[in-house]
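See structure below.
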Amino acid sequence: MRMYLSVFKLRLNNGLQYRAAALAGVATQFFWGFMIIMVYDAFYNQAAVNASISLSQLVTYIWLQQAFLSFIMLWFRDNELFQLITTGNIAYELCRPSGIYPFWYAKLLAQRLASAALRSLPILAVALFLPQPYRLSLPPDMATALLFVVTLLFGLLVLVAISMFIYISVFITMSPVGSLLLFAVLGEFFAGSIIPIPLMPGWMQTIVSWLPFHLAADLPFRVYSGHIPQDGALAGIGIQLIWLAILVTAGVFAMRKALRRVVVQGG
């Protein structure tokens with residue numbers, strides 16, 4: 001574990017150096033946040049029936065999406081890993097006295113944490129003092145805030161485990177384009193990043209509940225706003241742990257199968 005912790009710390013420190021890029025990202029996410037909220041504000045003002053989630057909870061949902069974008073987006077990638085696979089330099093990774101799966105998992109986890117550390121606090125700090133209806137609400141109580149943090153971190157672990165399949169698939173396709181598009185489009189839709197899950201039809205919500213994507217975004221954000229009660233949050237944490245075990249086990253197995261097919265030629 002010491003080796004993987006060292007990789008995690010090195011990649012985390014490296015990611016924290018890109019402050020200018022983080023500030024540009026903050027500005028972009030504020031733009032998107034305001035635009036999306038204005039759309040939903042108009043929708044709620046003209047709606048003939050009451051939605052299953054209040055506008056205040058939905059605004060909080062959107063700001064949390066923007067603040068923790070690196071925790072929930074599947075198109076967030078490490079091009080260095082893609083190049084290792086497609087150029088044949090994966091041979092150097094195979095020479096390391098470590099498993100590739102946990103080694104890459106630690107790198108990807110640190111990369112997302114570093115990005116969120118630089119972007120989330122400015123967005124949350126400003127959104128808390130915006131006028132209505134654009135203001136980010138605080139959690140109902142401390143227990144809810146703690147459950148939010150736990151579900152958010154476990155959701156991040158689940159998302160990194162899902163993203164590992166993108167890199168594993170490149171061993172077969174030799175191109176990351178198709179895998180990124182497939183995972184990004186389907187994953188973000190079923191995670192509630194395009195349409196919040198409470199606003200989806202009932203039959204679609206049932207499909208979403210059987211997939212792991214919503215565990216990284218929809219679950220922690222609705223726990224924060226109180227839309228999911230505390231007992232539901234505890235049940236969600238149990239589901240997160242089950243999916244994490246399934247995804248990591250399947251990922252390790254798939255990585256071993258993929259590495260058996262690797263052929264590296266050189267002179």
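Chain labels A, B, ... are given in the sequence in which chains occur in the structure tokens; within each chain residues are numbered consecutively from 1, and ligands are likewise numbered from 1 in the order shown.
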Spatial neighbours of A:Ile237, max dist 8 Å, only C-alpha atoms, sep filter under 2 positions, as a PyMOL selection string: chain A and resi 150-151+154+233-235+239-241
Next, the residues of the selection above should be written as a PDB file, in the first residue's frame with N, CA and C atoms.
ATOM      1  N   VAL A 150     -19.754  11.450   3.188  1.00  0.00           N
ATOM      2  CA  VAL A 150     -19.485  10.013   3.051  1.00  0.00           C
ATOM      3  C   VAL A 150     -19.964   9.500   1.695  1.00  0.00           C
ATOM      4  N   THR A 151     -21.185   9.863   1.308  1.00  0.00           N
ATOM      5  CA  THR A 151     -21.711   9.395   0.020  1.00  0.00           C
ATOM      6  C   THR A 151     -20.929   9.996  -1.147  1.00  0.00           C
ATOM      7  N   PHE A 154     -17.544   7.972  -1.326  1.00  0.00           N
ATOM      8  CA  PHE A 154     -17.777   6.622  -1.851  1.00  0.00           C
ATOM      9  C   PHE A 154     -18.227   6.683  -3.312  1.00  0.00           C
ATOM     10  N   ALA A 233     -30.150   7.587   2.848  1.00  0.00           N
ATOM     11  CA  ALA A 233     -28.721   7.803   2.622  1.00  0.00           C
ATOM     12  C   ALA A 233     -27.899   6.626   3.129  1.00  0.00           C
ATOM     13  N   LEU A 234     -28.266   6.095   4.296  1.00  0.00           N
ATOM     14  CA  LEU A 234     -27.542   4.933   4.839  1.00  0.00           C
ATOM     15  C   LEU A 234     -27.701   3.720   3.930  1.00  0.00           C
ATOM     16  N   ALA A 235     -28.912   3.526   3.408  1.00  0.00           N
ATOM     17  CA  ALA A 235     -29.128   2.437   2.460  1.00  0.00           C
ATOM     18  C   ALA A 235     -28.316   2.669   1.188  1.00  0.00           C
ATOM     19  N   ILE A 239     -25.414   0.336  -0.810  1.00  0.00           N
ATOM     20  CA  ILE A 239     -25.432   0.022  -2.246  1.00  0.00           C
ATOM     21  C   ILE A 239     -24.139   0.466  -2.905  1.00  0.00           C
ATOM     22  N   GLN A 240     -23.608   1.632  -2.502  1.00  0.00           N
ATOM     23  CA  GLN A 240     -22.334   2.097  -3.034  1.00  0.00           C
ATOM     24  C   GLN A 240     -21.212   1.094  -2.765  1.00  0.00           C
ATOM     25  N   LEU A 241     -21.168   0.569  -1.556  1.00  0.00           N
ATOM     26  CA  LEU A 241     -20.113  -0.388  -1.196  1.00  0.00           C
ATOM     27  C   LEU A 241     -20.245  -1.681  -2.000  1.00  0.00           C
TER      28      LEU A 241
END
Using only C-alpha atoms, what does the table of stretch 44-69 of chain A residues within 10 Å of stretch 20-35 of chain A look like, with each row giving the shortest atom pair and its distance in Å to one decimal, sorted by chain and ascending number, as a Markdown table?
| residue | atom | partner | partner_atom | distance |
| --- | --- | --- | --- | --- |
| A:Val59 | CA | A:Gly33 | CA | 8.7 |
| A:Ile62 | CA | A:Gly33 | CA | 6.5 |
| A:Trp63 | CA | A:Gly33 | CA | 6.3 |
| A:Leu64 | CA | A:Gly33 | CA | 9.5 |
| A:Gln65 | CA | A:Gly33 | CA | 8.6 |
| A:Gln66 | CA | A:Gln29 | CA | 5.6 |
| A:Ala67 | CA | A:Gln29 | CA | 7.7 |
| A:Leu69 | CA | A:Gln29 | CA | 8.6 |
Env of stretch 165-171 of chain A: 10 Å cut, atoms = only C-alpha atoms, seq-sep filter 2 positions within chain, self excluded. Answer as a ChimeraX atom specification. /A:74-75,77-79,81-82,85-86,101,104,160-163,173-184,247-248,250-252,254-259,261-262
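Between A:Thr60 and the residues A:Met204, A:Ala117, A:Leu244, A:Ile36, the shortest atom-to-atom distance, using only C-alpha atoms, involves A:Ile36.
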So that I can see what lies close to A:Tyr4, please list as JSON, numbers by chain the residues with an atom at most 7 Å from it, counting only C-alpha atoms and leaving out residues fewer than 3 positions away in the same chain. {"A": [1, 7, 8, 103, 106]}
Next, write the just-selected residues to a file, as a short mmCIF file (atom, residue, chain, number, x, y, z; two decimals), in the first residue's frame, keeping C-alpha atoms as the atom set.
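The resulting file, result-v3.cif, is shown below:
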data_model
loop_
_atom_site.label_atom_id
_atom_site.label_comp_id
_atom_site.auth_asym_id
_atom_site.auth_seq_id
_atom_site.Cartn_x
_atom_site.Cartn_y
_atom_site.Cartn_z
CA MET A 1 0.00 0.00 0.00
CA VAL A 7 1.76 7.54 -6.27
CA PHE A 8 -1.44 9.08 -4.94
CA PHE A 103 -1.46 1.83 -9.64
CA ALA A 106 -4.52 5.69 -7.36
#
So, counting only C-alpha atoms, which residue among A:Tyr92, A:Phe43, A:Phe148, A:Tyr134 is closest to A:Ser225? A:Phe148
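Taking atom CA of A:Gln205 and atom CA of A:Leu58 as endpoints, the distance between them is 16.5 Å.
With only C-alpha atoms as the atoms that count, the minimum distance from A:Ile228 to the choices A:Leu109, A:Ile53, A:Ile207, A:Leu121 is reached by A:Ile53.
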Could you go through stretch 83-223 of chain A and tell me which residues DSSP, when run on the backbone, assigns to alpha helix (DSSP H), listing them as a PyMOL selection string? chain A and resi 83-87+90-94+100-127+142-173+176-191+202-209+218-223
Near A:Pro139, counting only C-alpha atoms, which residues have an atom at most 10 Å away, once you skip same-chain residues fewer than 4 positions from it, shown as a ChimeraX atom specification? /A:60,143-146,148,223-226
